[in-house]
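K.L.:
Structure file run-v6.cif (mmCIF, C-alpha atoms and all ligand atoms) right here:
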data_data
loop_
_atom_site.label_atom_id
_atom_site.label_comp_id
_atom_site.auth_asym_id
_atom_site.auth_seq_id
_atom_site.Cartn_x
_atom_site.Cartn_y
_atom_site.Cartn_z
CA MET A 109 -9.56 25.87 -12.63
CA SER A 110 -6.32 25.17 -14.41
CA GLN A 111 -3.66 22.48 -14.44
CA ASN A 112 -0.32 23.48 -12.93
CA ASP A 113 -0.30 26.75 -14.83
CA LYS A 114 3.34 26.88 -15.95
CA LEU A 115 4.30 23.24 -16.42
CA THR A 116 2.56 21.19 -19.12
CA PRO A 117 1.75 17.53 -18.33
CA ALA A 118 4.55 16.55 -20.76
CA GLU A 119 7.03 18.75 -18.88
CA ILE A 120 5.91 17.34 -15.51
CA ALA A 121 6.45 13.80 -16.83
CA GLN A 122 10.11 14.74 -17.46
CA LEU A 123 10.68 15.90 -13.89
CA ARG A 124 12.38 13.75 -11.30
CA PRO A 125 10.10 11.82 -8.90
CA ASP A 126 10.70 14.11 -5.89
CA THR A 127 9.72 17.15 -7.98
CA ARG A 128 6.63 15.44 -9.39
CA LEU A 129 5.47 14.71 -5.84
CA VAL A 130 5.48 18.45 -5.10
CA GLN A 131 4.42 19.92 -8.46
CA GLY A 132 2.41 17.16 -10.15
CA GLY A 133 -1.35 17.12 -10.57
CA ILE A 134 -2.04 20.64 -9.29
CA LEU A 135 -5.50 21.99 -10.17
CA ARG A 136 -5.25 25.69 -9.25
CA SER A 137 -8.46 27.65 -8.67
CA PRO A 138 -8.94 31.28 -9.87
CA PHE A 139 -7.64 32.43 -6.47
CA GLY A 140 -4.14 31.28 -7.36
CA GLU A 141 -3.57 29.51 -4.04
CA THR A 142 -0.04 28.20 -3.37
CA SER A 143 -1.11 25.09 -1.48
CA GLU A 144 -3.57 22.67 -3.06
CA ALA A 145 -7.15 23.53 -2.12
CA LEU A 146 -9.46 21.26 -0.17
CA PHE A 147 -12.70 21.07 -2.15
CA LEU A 148 -15.27 20.05 0.45
CA THR A 149 -18.22 19.79 -1.88
CA GLN A 150 -20.63 17.02 -2.76
CA GLY A 151 -21.75 18.44 -6.08
CA TYR A 152 -21.02 20.99 -8.80
CA VAL A 153 -23.20 23.59 -10.54
CA TYR A 154 -23.51 24.01 -14.29
CA ASP A 155 -23.71 27.30 -16.19
CA THR A 156 -26.42 25.98 -18.49
CA ALA A 157 -28.64 22.96 -18.99
CA GLU A 158 -26.64 22.26 -22.13
CA GLN A 159 -23.44 22.06 -20.10
CA ALA A 160 -25.05 19.62 -17.65
CA GLU A 161 -26.17 17.48 -20.59
CA ALA A 162 -22.69 17.54 -22.14
CA ARG A 163 -21.07 16.61 -18.85
CA PHE A 164 -23.34 13.61 -18.37
CA LYS A 165 -22.62 12.55 -21.95
CA GLY A 166 -18.90 12.68 -21.14
CA GLU A 167 -18.33 15.43 -23.73
CA ASP A 168 -17.45 18.10 -21.13
CA PRO A 169 -14.62 17.02 -18.80
CA GLY A 170 -15.79 18.68 -15.56
CA PHE A 171 -17.00 17.23 -12.29
CA ILE A 172 -20.50 15.82 -11.64
CA TYR A 173 -20.65 14.42 -8.12
CA THR A 174 -18.00 13.65 -5.51
CA ARG A 175 -18.91 9.96 -5.45
CA TYR A 176 -17.60 9.98 -9.07
CA SER A 177 -14.70 12.39 -8.69
CA ASN A 178 -13.57 15.50 -6.82
CA PRO A 179 -10.82 18.04 -7.63
CA THR A 180 -8.85 17.34 -4.44
CA ALA A 181 -9.11 13.58 -4.96
CA SER A 182 -8.09 14.07 -8.62
CA MET A 183 -4.95 15.97 -7.62
CA PHE A 184 -3.99 13.13 -5.26
CA GLU A 185 -4.70 10.49 -7.94
CA THR A 186 -2.76 12.30 -10.68
CA ARG A 187 0.22 12.92 -8.42
CA LEU A 188 0.48 9.29 -7.29
CA ALA A 189 0.00 7.99 -10.85
CA LEU A 190 2.93 10.23 -11.93
CA LEU A 191 5.13 8.66 -9.27
CA GLU A 192 4.04 5.09 -9.97
CA GLY A 193 4.26 5.40 -13.76
CA ALA A 194 0.61 4.32 -14.07
CA GLU A 195 -1.80 5.60 -16.71
CA VAL A 196 -4.47 6.31 -14.08
CA ALA A 197 -5.16 6.12 -10.36
CA ARG A 198 -8.39 6.09 -8.37
CA ALA A 199 -8.54 6.83 -4.65
CA THR A 200 -10.84 5.01 -2.24
CA ALA A 201 -11.96 5.34 1.38
CA SER A 202 -9.45 2.79 2.69
CA GLY A 203 -6.84 0.30 1.55
CA MET A 204 -9.38 -2.49 1.90
CA ALA A 205 -11.89 -0.61 -0.26
CA ALA A 206 -9.14 -0.44 -2.92
CA VAL A 207 -8.34 -4.17 -2.70
CA THR A 208 -12.01 -5.19 -2.71
CA ALA A 209 -12.90 -2.92 -5.64
CA ALA A 210 -9.84 -3.94 -7.68
CA LEU A 211 -10.94 -7.58 -7.39
CA LEU A 212 -14.74 -7.40 -7.48
CA CYS A 213 -14.91 -4.95 -10.40
CA GLN A 214 -13.39 -7.53 -12.75
CA LEU A 215 -14.58 -10.90 -11.36
CA LYS A 216 -17.82 -12.82 -11.84
CA THR A 217 -19.30 -16.17 -10.83
CA GLY A 218 -17.25 -19.05 -12.22
CA ASP A 219 -13.96 -17.12 -12.25
CA HIS A 220 -10.88 -18.28 -10.35
CA VAL A 221 -8.22 -16.35 -8.41
CA VAL A 222 -4.73 -17.47 -7.40
CA ALA A 223 -3.25 -15.64 -4.41
CA ALA A 224 -0.17 -15.88 -2.23
CA ARG A 225 -0.98 -17.34 1.19
CA ALA A 226 0.96 -14.68 3.10
CA LEU A 227 -1.52 -11.80 2.87
CA PHE A 228 -2.73 -8.97 5.07
CA GLY A 229 -5.54 -10.53 7.18
CA SER A 230 -8.45 -8.61 5.63
CA CYS A 231 -7.18 -9.39 2.10
CA ARG A 232 -7.21 -13.07 3.02
CA TYR A 233 -10.81 -12.70 4.20
CA VAL A 234 -11.82 -11.16 0.86
CA ILE A 235 -10.09 -13.90 -1.15
CA GLU A 236 -10.90 -16.90 1.06
CA GLU A 237 -14.36 -16.06 2.38
CA LEU A 238 -16.00 -13.23 0.44
CA LEU A 239 -15.24 -14.19 -3.17
CA PRO A 240 -16.41 -17.83 -2.76
CA ARG A 241 -19.82 -16.53 -1.57
CA PHE A 242 -20.26 -15.20 -5.11
CA GLY A 243 -19.04 -18.38 -6.79
CA ILE A 244 -15.51 -17.09 -7.38
CA ALA A 245 -13.03 -19.83 -6.49
CA ALA A 246 -9.63 -19.09 -4.96
CA THR A 247 -6.43 -21.09 -4.59
CA LEU A 248 -3.82 -19.99 -2.04
CA VAL A 249 -0.21 -20.84 -2.85
CA ASP A 250 3.24 -20.37 -1.34
CA GLY A 251 3.98 -17.14 -3.20
CA THR A 252 7.73 -17.74 -3.27
CA ASP A 253 7.22 -20.99 -5.25
CA ILE A 254 6.81 -19.95 -8.91
CA ALA A 255 5.90 -23.54 -9.92
CA ALA A 256 3.01 -23.43 -7.43
CA TRP A 257 1.52 -20.36 -9.18
CA GLN A 258 1.81 -22.20 -12.48
CA ALA A 259 0.26 -25.40 -11.08
CA ALA A 260 -2.72 -23.50 -9.64
CA VAL A 261 -3.76 -22.02 -13.00
CA ARG A 262 -7.13 -23.16 -14.39
CA PRO A 263 -8.90 -22.18 -17.61
CA GLN A 264 -11.10 -19.88 -15.46
CA THR A 265 -8.16 -18.09 -13.76
CA LYS A 266 -8.63 -14.33 -14.13
CA VAL A 267 -6.57 -12.74 -11.36
CA PHE A 268 -3.29 -13.29 -9.49
CA PHE A 269 -2.94 -11.42 -6.17
CA LEU A 270 0.10 -10.93 -3.91
CA GLU A 271 1.89 -8.60 -1.53
CA SER A 272 5.68 -8.30 -1.21
CA PRO A 273 7.40 -7.94 1.20
CA THR A 274 4.90 -9.90 3.25
CA ASN A 275 3.63 -9.17 6.73
CA PRO A 276 5.24 -9.82 9.22
CA THR A 277 8.02 -12.11 7.98
CA LEU A 278 9.26 -9.72 5.25
CA GLU A 279 9.45 -12.57 2.77
CA LEU A 280 9.71 -11.50 -0.87
CA ILE A 281 7.84 -12.74 -3.92
CA ASP A 282 9.49 -12.46 -7.32
CA ILE A 283 7.00 -10.09 -8.95
CA ALA A 284 8.53 -10.30 -12.45
CA ALA A 285 8.44 -14.12 -12.40
CA VAL A 286 4.82 -14.25 -11.15
CA ALA A 287 3.85 -11.63 -13.76
CA GLN A 288 5.19 -13.88 -16.51
CA VAL A 289 3.10 -16.82 -15.29
CA ALA A 290 0.04 -14.55 -15.05
CA LYS A 291 0.56 -13.21 -18.55
CA ALA A 292 0.90 -16.70 -20.02
CA ALA A 293 -2.31 -17.70 -18.18
CA GLY A 294 -4.19 -14.66 -19.48
CA ALA A 295 -4.69 -13.44 -15.91
CA LEU A 296 -4.10 -9.95 -14.48
CA LEU A 297 -1.60 -9.56 -11.63
CA VAL A 298 -2.70 -7.32 -8.76
CA VAL A 299 0.06 -6.30 -6.31
CA ASP A 300 -0.54 -4.85 -2.83
CA ASN A 301 2.56 -2.62 -2.59
CA VAL A 302 2.01 -1.20 0.89
CA PHE A 303 5.09 -2.59 2.63
CA ALA A 304 7.53 -1.50 -0.09
CA THR A 305 5.88 1.91 -0.66
CA PRO A 306 5.91 3.52 -4.13
CA MET A 307 9.40 4.88 -3.37
CA LEU A 308 11.07 1.47 -3.12
CA GLN A 309 9.28 -0.85 -5.53
CA SER A 310 7.46 -0.33 -8.85
CA PRO A 311 5.33 -3.42 -9.57
CA LEU A 312 4.02 -2.06 -12.91
CA ALA A 313 7.59 -1.85 -14.23
CA LEU A 314 8.08 -5.48 -13.12
CA GLY A 315 5.07 -6.63 -15.16
CA ALA A 316 2.14 -6.28 -12.74
CA ASP A 317 -1.14 -4.97 -14.19
CA ILE A 318 -2.68 -3.29 -11.14
CA VAL A 319 -1.16 -1.84 -7.96
CA VAL A 320 -3.13 -1.19 -4.79
CA TYR A 321 -2.18 0.82 -1.70
CA SER A 322 -3.40 1.45 1.75
CA ALA A 323 -2.50 5.17 1.69
CA THR A 324 -3.28 5.00 5.41
CA LYS A 325 0.28 3.81 5.93
CA HIS A 326 3.35 5.60 4.51
CA ILE A 327 1.48 7.97 2.14
CA ASP A 328 -0.26 9.70 5.04
CA GLY A 329 2.74 8.79 7.15
CA GLN A 330 1.52 10.62 10.22
CA GLY A 331 -1.20 8.28 11.41
CA ARG A 332 -4.22 10.51 10.68
CA CYS A 333 -6.56 9.38 7.89
CA LEU A 334 -7.60 6.26 6.02
CA ALA A 335 -7.49 6.04 2.23
CA GLY A 336 -6.62 3.60 -0.53
CA VAL A 337 -5.54 3.80 -4.16
CA ILE A 338 -5.86 1.61 -7.25
CA LEU A 339 -3.38 2.25 -10.10
CA CYS A 340 -4.07 0.70 -13.49
CA SER A 341 -4.35 1.24 -17.25
CA GLU A 342 -6.90 3.49 -18.97
CA LYS A 343 -8.34 0.31 -20.46
CA PHE A 344 -8.88 -1.43 -17.11
CA LEU A 345 -10.47 1.76 -15.78
CA ALA A 346 -12.84 1.98 -18.73
CA ASP A 347 -13.64 -1.75 -18.93
CA HIS A 348 -14.09 -2.47 -15.21
CA LEU A 349 -13.15 -0.01 -12.50
CA GLN A 350 -14.79 3.31 -13.34
CA VAL A 351 -18.38 2.10 -13.39
CA PHE A 352 -17.85 -0.12 -10.32
CA LEU A 353 -16.48 2.76 -8.22
CA ARG A 354 -19.16 5.20 -9.39
CA GLN A 355 -22.07 2.89 -8.69
CA THR A 356 -20.90 1.22 -5.46
CA GLY A 357 -19.36 4.33 -3.83
CA PRO A 358 -16.18 3.43 -1.89
CA SER A 359 -15.11 7.03 -2.58
CA VAL A 360 -12.39 8.80 -0.63
CA SER A 361 -13.43 11.77 1.51
CA PRO A 362 -12.01 15.01 -0.01
CA PHE A 363 -10.48 15.85 3.36
CA ASN A 364 -8.65 12.53 3.54
CA ALA A 365 -7.55 12.89 -0.09
CA TRP A 366 -6.11 16.32 0.76
CA VAL A 367 -4.14 14.89 3.70
CA MET A 368 -2.75 12.17 1.40
CA LEU A 369 -1.99 14.67 -1.37
CA LYS A 370 0.09 16.78 1.01
CA GLY A 371 1.62 13.58 2.40
CA LEU A 372 3.03 12.79 -1.05
CA GLU A 373 5.13 15.97 -0.94
CA THR A 374 7.21 14.60 1.93
CA LEU A 375 6.97 10.87 1.15
CA PRO A 376 10.51 10.55 -0.28
CA LEU A 377 12.06 12.32 2.72
CA ARG A 378 10.11 10.29 5.25
CA VAL A 379 10.67 6.91 3.61
CA GLU A 380 14.38 7.65 3.13
CA ARG A 381 14.78 8.60 6.80
CA SER A 382 12.75 5.67 8.20
CA GLN A 383 14.50 3.26 5.90
CA ALA A 384 17.98 4.46 6.85
CA SER A 385 17.04 4.01 10.52
CA ALA A 386 15.48 0.58 9.87
CA ALA A 387 18.61 -0.64 8.08
CA ALA A 388 20.84 0.68 10.88
CA LEU A 389 18.63 -0.84 13.59
CA ALA A 390 18.58 -4.23 11.84
CA ASP A 391 22.39 -4.25 11.91
CA ARG A 392 22.53 -3.05 15.53
CA PHE A 393 19.96 -5.66 16.70
CA ALA A 394 21.67 -8.61 15.02
CA GLY A 395 23.76 -10.36 17.65
CA LEU A 396 22.42 -8.38 20.65
CA PRO A 397 21.85 -10.66 23.66
CA GLY A 398 18.14 -11.49 23.92
CA ILE A 399 17.50 -11.05 20.19
CA GLY A 400 17.32 -14.08 17.91
CA LYS A 401 16.76 -13.93 14.19
CA VAL A 402 16.65 -10.44 12.59
CA ILE A 403 14.78 -10.16 9.28
CA TYR A 404 15.47 -7.23 6.95
CA PRO A 405 15.38 -7.54 3.14
CA TYR A 406 18.59 -5.56 2.53
CA ARG A 407 20.69 -7.53 5.02
CA ALA A 408 23.00 -10.04 3.35
CA ASP A 409 21.64 -12.79 5.64
CA HIS A 410 18.07 -12.38 4.29
CA PRO A 411 17.37 -15.60 2.34
CA GLN A 412 16.18 -13.54 -0.64
CA TYR A 413 18.80 -10.80 -0.49
CA GLU A 414 19.58 -11.09 -4.22
CA LEU A 415 15.90 -10.75 -5.13
CA ALA A 416 15.56 -7.79 -2.74
CA LYS A 417 18.45 -6.01 -4.49
CA ARG A 418 16.92 -6.72 -7.89
CA GLN A 419 13.32 -5.88 -7.10
CA MET A 420 13.47 -3.15 -4.46
CA ARG A 421 15.37 0.14 -4.30
CA GLY A 422 15.88 -0.27 -0.54
CA GLY A 423 15.14 -2.61 2.35
CA GLY A 424 12.05 -0.77 3.58
CA THR A 425 10.93 0.77 6.84
CA LEU A 426 10.08 -2.41 8.78
CA VAL A 427 12.32 -4.75 10.75
CA THR A 428 11.13 -8.07 12.16
CA PHE A 429 13.05 -9.86 14.90
CA GLU A 430 12.73 -12.54 17.53
CA ILE A 431 12.90 -11.98 21.27
CA ALA A 432 14.23 -14.84 23.40
CA GLY A 433 11.68 -16.48 25.69
CA GLY A 434 8.73 -16.80 23.30
CA LYS A 435 5.50 -14.96 24.02
CA ALA A 436 6.41 -14.14 27.63
CA GLY A 437 9.77 -12.69 26.57
CA ALA A 438 8.21 -10.67 23.74
CA PHE A 439 5.48 -9.29 26.03
CA ARG A 440 8.02 -8.24 28.70
CA PHE A 441 10.10 -6.55 25.98
CA LEU A 442 7.12 -4.68 24.47
CA ASN A 443 5.93 -3.54 27.88
CA GLU A 444 9.38 -2.12 28.74
CA LEU A 445 9.59 0.07 25.60
CA LYS A 446 8.91 3.77 26.13
CA VAL A 447 9.70 5.57 22.86
CA VAL A 448 8.47 2.76 20.59
CA ARG A 449 4.76 2.21 21.23
CA ILE A 450 2.68 -0.97 20.91
CA SER A 451 0.33 -0.79 17.91
CA ASN A 452 -0.73 -2.98 15.01
CA ASN A 453 -0.43 0.01 12.64
CA LEU A 454 2.63 0.83 10.52
CA GLY A 455 4.09 3.51 8.28
CA ASP A 456 3.73 6.25 10.90
CA ALA A 457 6.15 9.01 11.95
CA LYS A 458 6.00 7.31 15.35
CA SER A 459 7.81 3.99 15.71
CA LEU A 460 5.30 1.22 16.37
CA ILE A 461 5.82 -2.38 17.39
CA THR A 462 3.47 -5.32 17.20
CA HIS A 463 3.40 -8.94 18.37
CA PRO A 464 1.81 -10.65 15.34
CA ALA A 465 1.08 -14.02 17.01
CA THR A 466 -1.38 -12.46 19.49
CA THR A 467 -2.76 -9.62 17.33
CA THR A 468 -2.77 -9.51 13.53
CA HIS A 469 -2.28 -13.28 13.20
CA GLN A 470 -4.19 -14.34 16.32
CA ARG A 471 -6.98 -16.04 14.36
CA PHE A 472 -4.60 -18.60 12.84
CA THR A 473 -3.83 -21.90 14.59
CA PRO A 474 -0.32 -22.27 16.05
CA GLU A 475 0.39 -24.77 13.25
CA ALA A 476 -0.71 -22.30 10.56
CA ARG A 477 1.43 -19.59 12.14
CA ALA A 478 4.41 -21.95 12.24
CA GLU A 479 3.88 -22.69 8.56
CA MET A 480 3.94 -18.92 7.89
CA GLY A 481 7.18 -18.61 9.90
CA ILE A 482 5.56 -16.56 12.67
CA SER A 483 7.01 -17.61 16.02
CA ASP A 484 5.70 -16.66 19.49
CA GLY A 485 8.76 -14.49 20.13
CA MET A 486 8.51 -12.58 16.83
CA VAL A 487 7.91 -8.82 16.84
CA ARG A 488 7.52 -6.41 13.91
CA LEU A 489 8.89 -2.90 14.24
CA SER A 490 7.66 -0.09 11.97
CA VAL A 491 10.44 2.47 12.14
CA GLY A 492 9.36 6.10 12.39
CA LEU A 493 11.13 9.44 12.26
CA GLU A 494 12.62 9.58 15.76
CA HIS A 495 16.42 9.78 16.05
CA VAL A 496 17.84 6.35 15.40
CA ASP A 497 19.99 6.50 18.55
CA ASP A 498 16.93 7.08 20.75
CA LEU A 499 15.28 4.03 19.15
CA THR A 500 18.45 2.00 19.74
CA ASP A 501 18.61 3.15 23.38
CA ASP A 502 14.94 2.30 23.95
CA VAL A 503 15.36 -1.22 22.55
CA THR A 504 18.64 -1.86 24.36
CA ARG A 505 17.24 -0.68 27.67
CA ALA A 506 14.09 -2.79 27.25
CA LEU A 507 16.18 -5.85 26.39
CA LYS A 508 18.27 -5.38 29.55
CA ALA A 509 15.11 -5.11 31.67
CA VAL A 510 13.86 -8.37 30.18
C1 LIG A 601 -3.12 -1.75 6.12
C2 LIG A 601 -3.04 -2.65 4.96
C3 LIG A 601 -4.16 -2.89 4.15
C4 LIG A 601 -5.52 -2.30 4.45
O1 LIG A 601 -5.53 -0.91 4.44
P1 LIG A 601 -6.61 -0.01 5.25
O2 LIG A 601 -6.29 1.36 4.82
O3 LIG A 601 -6.39 -0.28 6.70
O4 LIG A 601 -7.96 -0.47 4.81
C5 LIG A 601 -4.01 -3.75 3.08
N1 LIG A 601 -2.82 -4.34 2.80
C6 LIG A 601 -1.72 -4.14 3.56
C7 LIG A 601 -0.44 -4.83 3.21
C8 LIG A 601 -1.79 -3.28 4.67
O5 LIG A 601 -0.70 -3.09 5.43
#
Since I need it in another form, could you write the structure as structure tokens?
Ligand SMILES: *Cc1c(COP(=O)(O)O)cnc(C)c1O

P.N.:
Amino acid sequence: MSQNDKLTPAEIAQLRPDTRLVQGGILRSPFGETSEALFLTQGYVYDTAEQAEARFKGEDPGFIYTRYSNPTASMFETRLALLEGAEVARATASGMAAVTAALLCQLKTGDHVVAARALFGSCRYVIEELLPRFGIAATLVDGTDIAAWQAAVRPQTKVFFLESPTNPTLELIDIAAVAQVAKAAGALLVVDNVFATPMLQSPLALGADIVVYSATKHIDGQGRCLAGVILCSEKFLADHLQVFLRQTGPSVSPFNAWVMLKGLETLPLRVERSQASAAALADRFAGLPGIGKVIYPYRADHPQYELAKRQMRGGGTLVTFEIAGGKAGAFRFLNELKVVRISNNLGDAKSLITHPATTTHQRFTPEARAEMGISDGMVRLSVGLEHVDDLTDDVTRALKAV
């Protein structure tokens, strides 16, 4: 087993991101395979008892058990860490396993967490319902209000948590500003970077301490497997994460890690294409009869356009817009679409559309949804890889039918 046999890690670090996503992290077996191997194995054999002893002591760097680490998972982790500019990455079975582990590994009874209110539903469950069961208090704030983060800080505050852009209203949170408040409070900032993808936003460079992904979304990008990733410093790994992952076992399946690893090779191409289509569609939708507000971070009418330009390298692959006629209008529109399919998922090669008020945000009261800016006519479109003109035709035809 060897690292990428021609390029040293130092040389790989000098390569441009697209190249690192193809060449980075390769562990080539003695067979010299071109494509990264899928190591479907639970365990590893040792040449001698002495070698087994050394490996358990941490003096021999090989593998011990796939719950701890696996060569295919390691290739995926190294490659994503190279892209993100993180010291280390650890893959998990799902995005939620990554979020839960990133929080629980470092928190204990008596600690306090501050989180933005606009969170992926399951993340809100972890913060609002799971952590308090273990005596970990949480305060939810309007993430766009920097003074609110500051005001929520207590002596026991250990973690700040946010996602940006948020789901489904594509509101942005100023990551650099929140990171400053976190730093002053002695808390670590954890950013869920799923909506921006690693191509378009680098939270670590903006001052965040830990980045988490649902690799299920754009990293797979073809709607096949679940996985998650935590990116952090060597120190955080050693102090908190490593032992937590090893002993509690939210490990990624080697097969899923392999799918994600190969997904990274095409991530720049896919995100670039989906994003170009999303930006074009946002412009085409604005002003169409039957469509109300159009929300897209890189449109000049987005309330946080300046922040989007500063913090993101593009507007992303999602467009949110309002259909006239509330829920009934939105349902008629969704049901008329033929190329774009109805699904709560996102980040797929296939364009997917969801009606947040009756699906992902169903459990909130109408008042809570209104406070989050989610109207009954609002739909969220995850733009895939189809030709942008076919997507435009599908939407225009469905609007006419409505
Ligand atoms: C999908 C998603 C998650 C959860 O990821 P899974 O892989 O489904 O567990 C967390 N955060 C955000 C923003 C997501 O979109």

K.L.:
At what distance in Å, to one decimal, does atom O3 of ligand LIG 601 (chain A) lie from atom CA of A:Ala256?

P.N.:
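About the pair atom CA of A:Ala256 and atom O3 of ligand LIG 601 (chain A): they are 28.7 Å apart.
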
K.L.:
Point out the residue among A:Pro276, A:Gly229, A:Gly203, A:Pro240 with the least atom-to-atom distance to A:Cys333, counting all atoms listed in the file.

P.N.:
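Answer, going by the shortest atom-to-atom distance: A:Gly203.
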
K.L.:
When distances are computed from all atoms listed in the file, which of A:Asp497, A:Glu192, A:Asp168, A:Glu430 shows the smallest separation from A:Pro125?

P.N.:
A:Glu192

K.L.:
Counting only C-alpha atoms, which residues come within 12 Å of (0.5, 17.3, -18.8), with the point read in the file's coordinates, and could you list them as an mmCIF file with C-alpha atoms, in the frame of the given file?

P.N.:
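Okay, this is what ended up in selection05.cif:
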data_model
loop_
_atom_site.group_PDB
_atom_site.id
_atom_site.type_symbol
_atom_site.label_atom_id
_atom_site.label_comp_id
_atom_site.auth_asym_id
_atom_site.auth_seq_id
_atom_site.Cartn_x
_atom_site.Cartn_y
_atom_site.Cartn_z
ATOM 1 C CA SER A 110 -6.320 25.170 -14.410
ATOM 2 C CA GLN A 111 -3.660 22.480 -14.440
ATOM 3 C CA ASN A 112 -0.320 23.480 -12.930
ATOM 4 C CA ASP A 113 -0.300 26.750 -14.830
ATOM 5 C CA LYS A 114 3.340 26.880 -15.950
ATOM 6 C CA LEU A 115 4.300 23.240 -16.420
ATOM 7 C CA THR A 116 2.560 21.190 -19.120
ATOM 8 C CA PRO A 117 1.750 17.530 -18.330
ATOM 9 C CA ALA A 118 4.550 16.550 -20.760
ATOM 10 C CA GLU A 119 7.030 18.750 -18.880
ATOM 11 C CA ILE A 120 5.910 17.340 -15.510
ATOM 12 C CA ALA A 121 6.450 13.800 -16.830
ATOM 13 C CA GLN A 122 10.110 14.740 -17.460
ATOM 14 C CA LEU A 123 10.680 15.900 -13.890
ATOM 15 C CA ARG A 128 6.630 15.440 -9.390
ATOM 16 C CA GLN A 131 4.420 19.920 -8.460
ATOM 17 C CA GLY A 132 2.410 17.160 -10.150
ATOM 18 C CA GLY A 133 -1.350 17.120 -10.570
ATOM 19 C CA ILE A 134 -2.040 20.640 -9.290
ATOM 20 C CA LEU A 135 -5.500 21.990 -10.170
ATOM 21 C CA THR A 186 -2.760 12.300 -10.680
ATOM 22 C CA ARG A 187 0.220 12.920 -8.420
ATOM 23 C CA LEU A 190 2.930 10.230 -11.930
#

K.L.:
Hey, can you check how far atom CA of A:Asp300 sits from atom CA of A:Val320?

P.N.:
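Atom-to-atom, atom CA of A:Asp300 to atom CA of A:Val320, that is 4.9 Å.
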
K.L.:
Hey, what's within 12 Å of stretch 472-479 of chain A if we count all atoms listed in the file and toss same-chain stuff fewer than 6 positions away? As a list of chain:residue names, please?

P.N.:
A:Arg225, A:Ala226, A:Gly229, A:Arg232, A:Asp250, A:Asn275, A:Pro276, A:Thr277, A:Pro464, A:Ala465, A:Thr466, A:Gly485, A:Met486

K.L.:
Would you compute the distance between atom CA of A:Arg407 and atom CA of A:Thr428? Give it in Å to one decimal.

P.N.:
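For atom CA of A:Arg407 relative to atom CA of A:Thr428, the distance reads 11.9 Å.
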
K.L.:
Using all atoms listed in the file, find each residue with an atom at most 9 Å away from ligand LIG 601 (chain A) and format the answer as number ranges by chain.

P.N.:
A: 201-207, 227-231, 271-275, 300-303, 320-325, 333-336, 453-455

K.L.:
Ranking A:Ser177, A:Gln214, A:Met480, A:Thr156 by minimum distance to A:Ala197 and counting only C-alpha atoms, which one comes first?

P.N.:
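Looking at the shortest contact to A:Ala197, the residue is A:Ser177.
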
K.L.:
Using all atoms listed in the file, determine which residues lie at most 12 Å from stretch 286-297 of chain A, disregarding the query and same-chain residues fewer than 5 positions distant; provide the list as a PyMOL selection string.

P.N.:
chain A and resi 210-211+214-215+219-224+249-272+280-281+311-320+340-341+344

K.L.:
Between A:Tyr176, A:Phe429, A:Trp366, A:Tyr233, which is the closest to A:Phe352 once you count all atoms listed in the file?

P.N.:
A:Tyr176

K.L.:
Once you count only C-alpha atoms, which residues end up no further than 6 Å from (-15.4, -2.0, -6.2) in the file's frame, shown as a list in words?

P.N.:
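Residues with an atom close enough to that point: Thr208, Ala209, Leu212, Cys213, Phe352 and Leu353 of chain A.
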
K.L.:
Please provide as an MDAnalysis selection string all residues within 9 Å of A:Ala436, with the sequence filter that same-chain residues fewer than 4 positions apart are discarded (counting all atoms listed in the file).

P.N.:
chainID A and resid 432 440:441 484:485

K.L.:
Hey, which of A:Leu188, A:Asp328, A:Phe164, A:Ala199 ends up closest to A:Gly357? Count only C-alpha atoms.

P.N.:
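Among the listed residues, A:Ala199 lies closest to A:Gly357.
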
K.L.:
Of the candidates A:Ala388, A:Ala145, A:Val196, A:Gly424, which shows the shortest atom-to-atom distance to A:Val337, using all atoms listed in the file?

P.N.:
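That would be A:Val196, the residue with the smallest distance to A:Val337.
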
K.L.:
Step by step, gather every atom of stretch 463-469 of chain A that the file lists, find the box along x, y and z that holds them, add 5 Å on each side, and finally give centre and edge lengths in Å to one decimal, as lines of an AutoDock Vina configuration file.

P.N.:
center_x = 0.3
center_y = -11.5
center_z = 16.3
size_x = 16.2
size_y = 15.1
size_z = 16.3

K.L.:
If we count all atoms listed in the file and set the cut-off at 10 Å, which residues sit around A:Glu444, ignoring sequence neighbours fewer than 5 positions away in its own chain? Please answer as a ChimeraX atom specification.

P.N.:
/A:438-439,449,502-503,505-510

K.L.:
Please list as a list in words every residue within 9 Å of A:Pro376, counting only C-alpha atoms and excluding residues in the same chain fewer than 2 positions away.

P.N.:
Pro125, Asp126, Leu129, Met307, Leu372, Glu373, Thr374, Arg378, Val379, Glu380 and Arg381 of chain A
